[in-house]
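Q: The structure is given below, and queries will be raised subsequently.
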Amino acid sequence: MALSDLLYPDNPKRRQELIHLHQELLDCMSTNFRATNELAGVLNEHLGCMIPRIKMRESSTVKENCDIIIQAMSEIQCQVQKIDSDMKEKLEPVLYQKLYDIKEPELEKIAIAHKVFSVVLGEATLTAGMVAIKLIGSNLITLTVGKLVSLLAQIGASVLGGISIAILGLGIEMILHAILGAVEKNQLLAAVRSYEEHLAQFKAASEKYQHAIHEVTSLVRHQAQ
């Protein structure tokens, strides 16, 4: 038994907690990658965007994968802002304000957006107007993306950022070595608490982000039926 385990008998339990938290983080990141690709697919198909698909890189670190998804989310934010700019440029001020008026009927907003995208794209489906209104009429996507980008940047900059995604198949000792790095084993409790704090915030923001995307994609699927 390691000396640190004799001095800190809770260490074995904390090691297991740390491994479990790392797996939860990776699972959450993987779900966000899929959700981001799903939203990008909708924007590409219906609004003429060209957002590339992203994929988790198992040979890369947590930080490098955070950077990949941050770049994709930033591109989505830019596209949503561009949609709003197109609306503002093409519409009379009165019509543009209607898009943000909660009292205006949803169908009227969709019809207005559809006309704009018919001009911008040359041809547009009714779904394009629905997606546009969903994206710009609610700031949910913008807020959730902004929150996630901030959290991903924090995770990437933390001690977690240098951990490789691929360590999960290497066994407990290799995982611990990678996670702890220069951190002494008697600091396991601090490492666990740091991981828990990051993960709790990340999971909460991820759930909101995924829910917001689900609302958009469900709308598209329903329209296609």
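Labels for the structure tokens follow display order: chains A, B, ..., residues from 1 in each chain, ligands from 1.
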Find the residues near stretch 141-154 of chain A: any atom within 9 Å, counting only C-alpha atoms, skip ones fewer than 6 places away on the same chain, and give them as a ChimeraX atom specification.
A: /A:63,66-67,69-71,73-74,76-77,80,135,161,198,201-202,205-206,208-210,212-213
Q: If you take only C-alpha atoms and a cut-off of 12 Å, which residues of stretch 65-91 of chain A touch stretch 126-132 of chain A, and what are their nearest atom pairs and distances in Å to one decimal, in chain and number order, as a tab-separated table?
A:
residue	atom	partner	partner_atom	distance
A:Gln79	CA	A:Ala132	CA	10.5
A:Val80	CA	A:Ala132	CA	8.2
A:Gln81	CA	A:Ala132	CA	10.7
A:Lys82	CA	A:Ala132	CA	10.7
A:Ile83	CA	A:Ala132	CA	7.1
A:Asp84	CA	A:Ala132	CA	8.5
A:Ser85	CA	A:Ala132	CA	11.7
A:Asp86	CA	A:Ala132	CA	10.7
A:Met87	CA	A:Ala132	CA	9.5
Q: Which residue, A:Leu91, A:Val216, A:Cys49, A:Leu21, has the smallest gap to A:Val119 when you use only C-alpha atoms?
A: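 Smallest separation from A:Val119 among the options: A:Leu91.
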Q: Which neighbours of A:Cys28 fall inside 10 Å, counting only C-alpha atoms, when residues of the same chain fewer than 5 positions from it are skipped, and could you give them as a ChimeraX atom specification?
A: /A:22-23,33,199,202-203,206-207
Q: Identify, on the basis of only C-alpha atoms, every residue whose closest approach to A:Leu39 does not exceed 9 Å; exclude the query and any residue fewer than 3 positions from it along the same chain; express the result as a tab-separated table (two decimals) with all heavy atoms, in the first residue's frame.
A:
chain	number	residue	atom	x	y	z
A	34	ARG	N	-22.52	15.58	-30.17
A	34	ARG	CA	-23.63	15.09	-31.00
A	34	ARG	C	-24.71	16.15	-31.17
A	34	ARG	O	-25.23	16.36	-32.27
A	34	ARG	CB	-24.24	13.82	-30.38
A	34	ARG	CG	-23.35	12.59	-30.50
A	34	ARG	CD	-24.14	11.32	-30.22
A	34	ARG	NE	-24.68	11.31	-28.87
A	34	ARG	CZ	-24.03	10.84	-27.81
A	34	ARG	NH1	-22.81	10.35	-27.93
A	34	ARG	NH2	-24.60	10.84	-26.62
A	35	ALA	N	-25.06	16.83	-30.07
A	35	ALA	CA	-26.10	17.87	-30.13
A	35	ALA	C	-25.68	19.02	-31.02
A	35	ALA	O	-26.48	19.56	-31.80
A	35	ALA	CB	-26.42	18.38	-28.72
A	36	THR	N	-24.42	19.41	-30.93
A	36	THR	CA	-23.89	20.51	-31.76
A	36	THR	C	-23.94	20.13	-33.24
A	36	THR	O	-24.33	20.95	-34.08
A	36	THR	CB	-22.44	20.84	-31.34
A	36	THR	OG1	-22.42	21.21	-29.97
A	36	THR	CG2	-21.88	21.98	-32.18
A	42	VAL	N	-29.10	21.15	-39.04
A	42	VAL	CA	-30.34	21.90	-39.31
A	42	VAL	C	-30.03	23.24	-39.95
A	42	VAL	O	-30.66	23.65	-40.94
A	42	VAL	CB	-31.14	22.09	-38.01
A	42	VAL	CG1	-32.30	23.08	-38.22
A	42	VAL	CG2	-31.68	20.77	-37.49
A	43	LEU	N	-29.04	23.95	-39.41
A	43	LEU	CA	-28.67	25.25	-39.96
A	43	LEU	C	-28.14	25.12	-41.39
A	43	LEU	O	-28.46	25.93	-42.26
A	43	LEU	CB	-27.60	25.90	-39.07
A	43	LEU	CG	-28.06	26.36	-37.68
A	43	LEU	CD1	-26.86	26.79	-36.84
A	43	LEU	CD2	-29.05	27.49	-37.78
A	44	ASN	N	-27.36	24.08	-41.63
A	44	ASN	CA	-26.80	23.87	-42.97
A	44	ASN	C	-27.90	23.53	-43.98
A	44	ASN	O	-27.92	24.06	-45.10
A	44	ASN	CB	-25.78	22.73	-42.94
A	44	ASN	CG	-24.52	23.10	-42.17
A	44	ASN	OD1	-24.28	24.27	-41.89
A	44	ASN	ND2	-23.73	22.11	-41.82
A	76	ILE	N	-21.77	28.75	-34.58
A	76	ILE	CA	-23.24	28.76	-34.48
A	76	ILE	C	-23.72	30.11	-34.00
A	76	ILE	O	-24.68	30.67	-34.53
A	76	ILE	CB	-23.73	27.63	-33.54
A	76	ILE	CG1	-23.55	26.27	-34.24
A	76	ILE	CG2	-25.18	27.84	-33.14
A	76	ILE	CD1	-23.79	25.08	-33.34
A	213	ILE	N	-31.55	22.72	-28.22
A	213	ILE	CA	-31.35	22.14	-29.54
A	213	ILE	C	-32.47	21.16	-29.86
A	213	ILE	O	-32.96	21.10	-31.00
A	213	ILE	CB	-29.98	21.44	-29.61
A	213	ILE	CG1	-28.87	22.50	-29.58
A	213	ILE	CG2	-29.85	20.59	-30.88
A	213	ILE	CD1	-27.47	21.93	-29.54
A	214	HIS	N	-32.90	20.39	-28.86
A	214	HIS	CA	-33.98	19.43	-29.07
A	214	HIS	C	-35.26	20.14	-29.52
A	214	HIS	O	-36.00	19.62	-30.36
A	214	HIS	CB	-34.24	18.64	-27.79
A	214	HIS	CG	-35.36	17.65	-27.89
A	214	HIS	ND1	-35.26	16.49	-28.64
A	214	HIS	CD2	-36.62	17.66	-27.37
A	214	HIS	CE1	-36.39	15.83	-28.57
A	214	HIS	NE2	-37.24	16.51	-27.81
A	216	VAL	N	-35.47	22.82	-31.33
A	216	VAL	CA	-35.31	23.19	-32.74
A	216	VAL	C	-35.44	21.96	-33.64
A	216	VAL	O	-36.17	21.97	-34.63
A	216	VAL	CB	-33.95	23.88	-32.97
A	216	VAL	CG1	-33.73	24.16	-34.46
A	216	VAL	CG2	-33.86	25.17	-32.17
A	217	THR	N	-34.71	20.90	-33.29
A	217	THR	CA	-34.73	19.69	-34.14
A	217	THR	C	-36.09	19.00	-34.14
A	217	THR	O	-36.49	18.43	-35.14
A	217	THR	CB	-33.62	18.72	-33.70
A	217	THR	OG1	-33.77	18.42	-32.31
A	217	THR	CG2	-32.24	19.33	-33.92
Q: Nearest to A:Ala40 among A:Cys78, A:Glu215, A:Lys115, A:Arg53, with distances taken over only C-alpha atoms: which residue is it?
A: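 The closest residue to A:Ala40 is A:Arg53.
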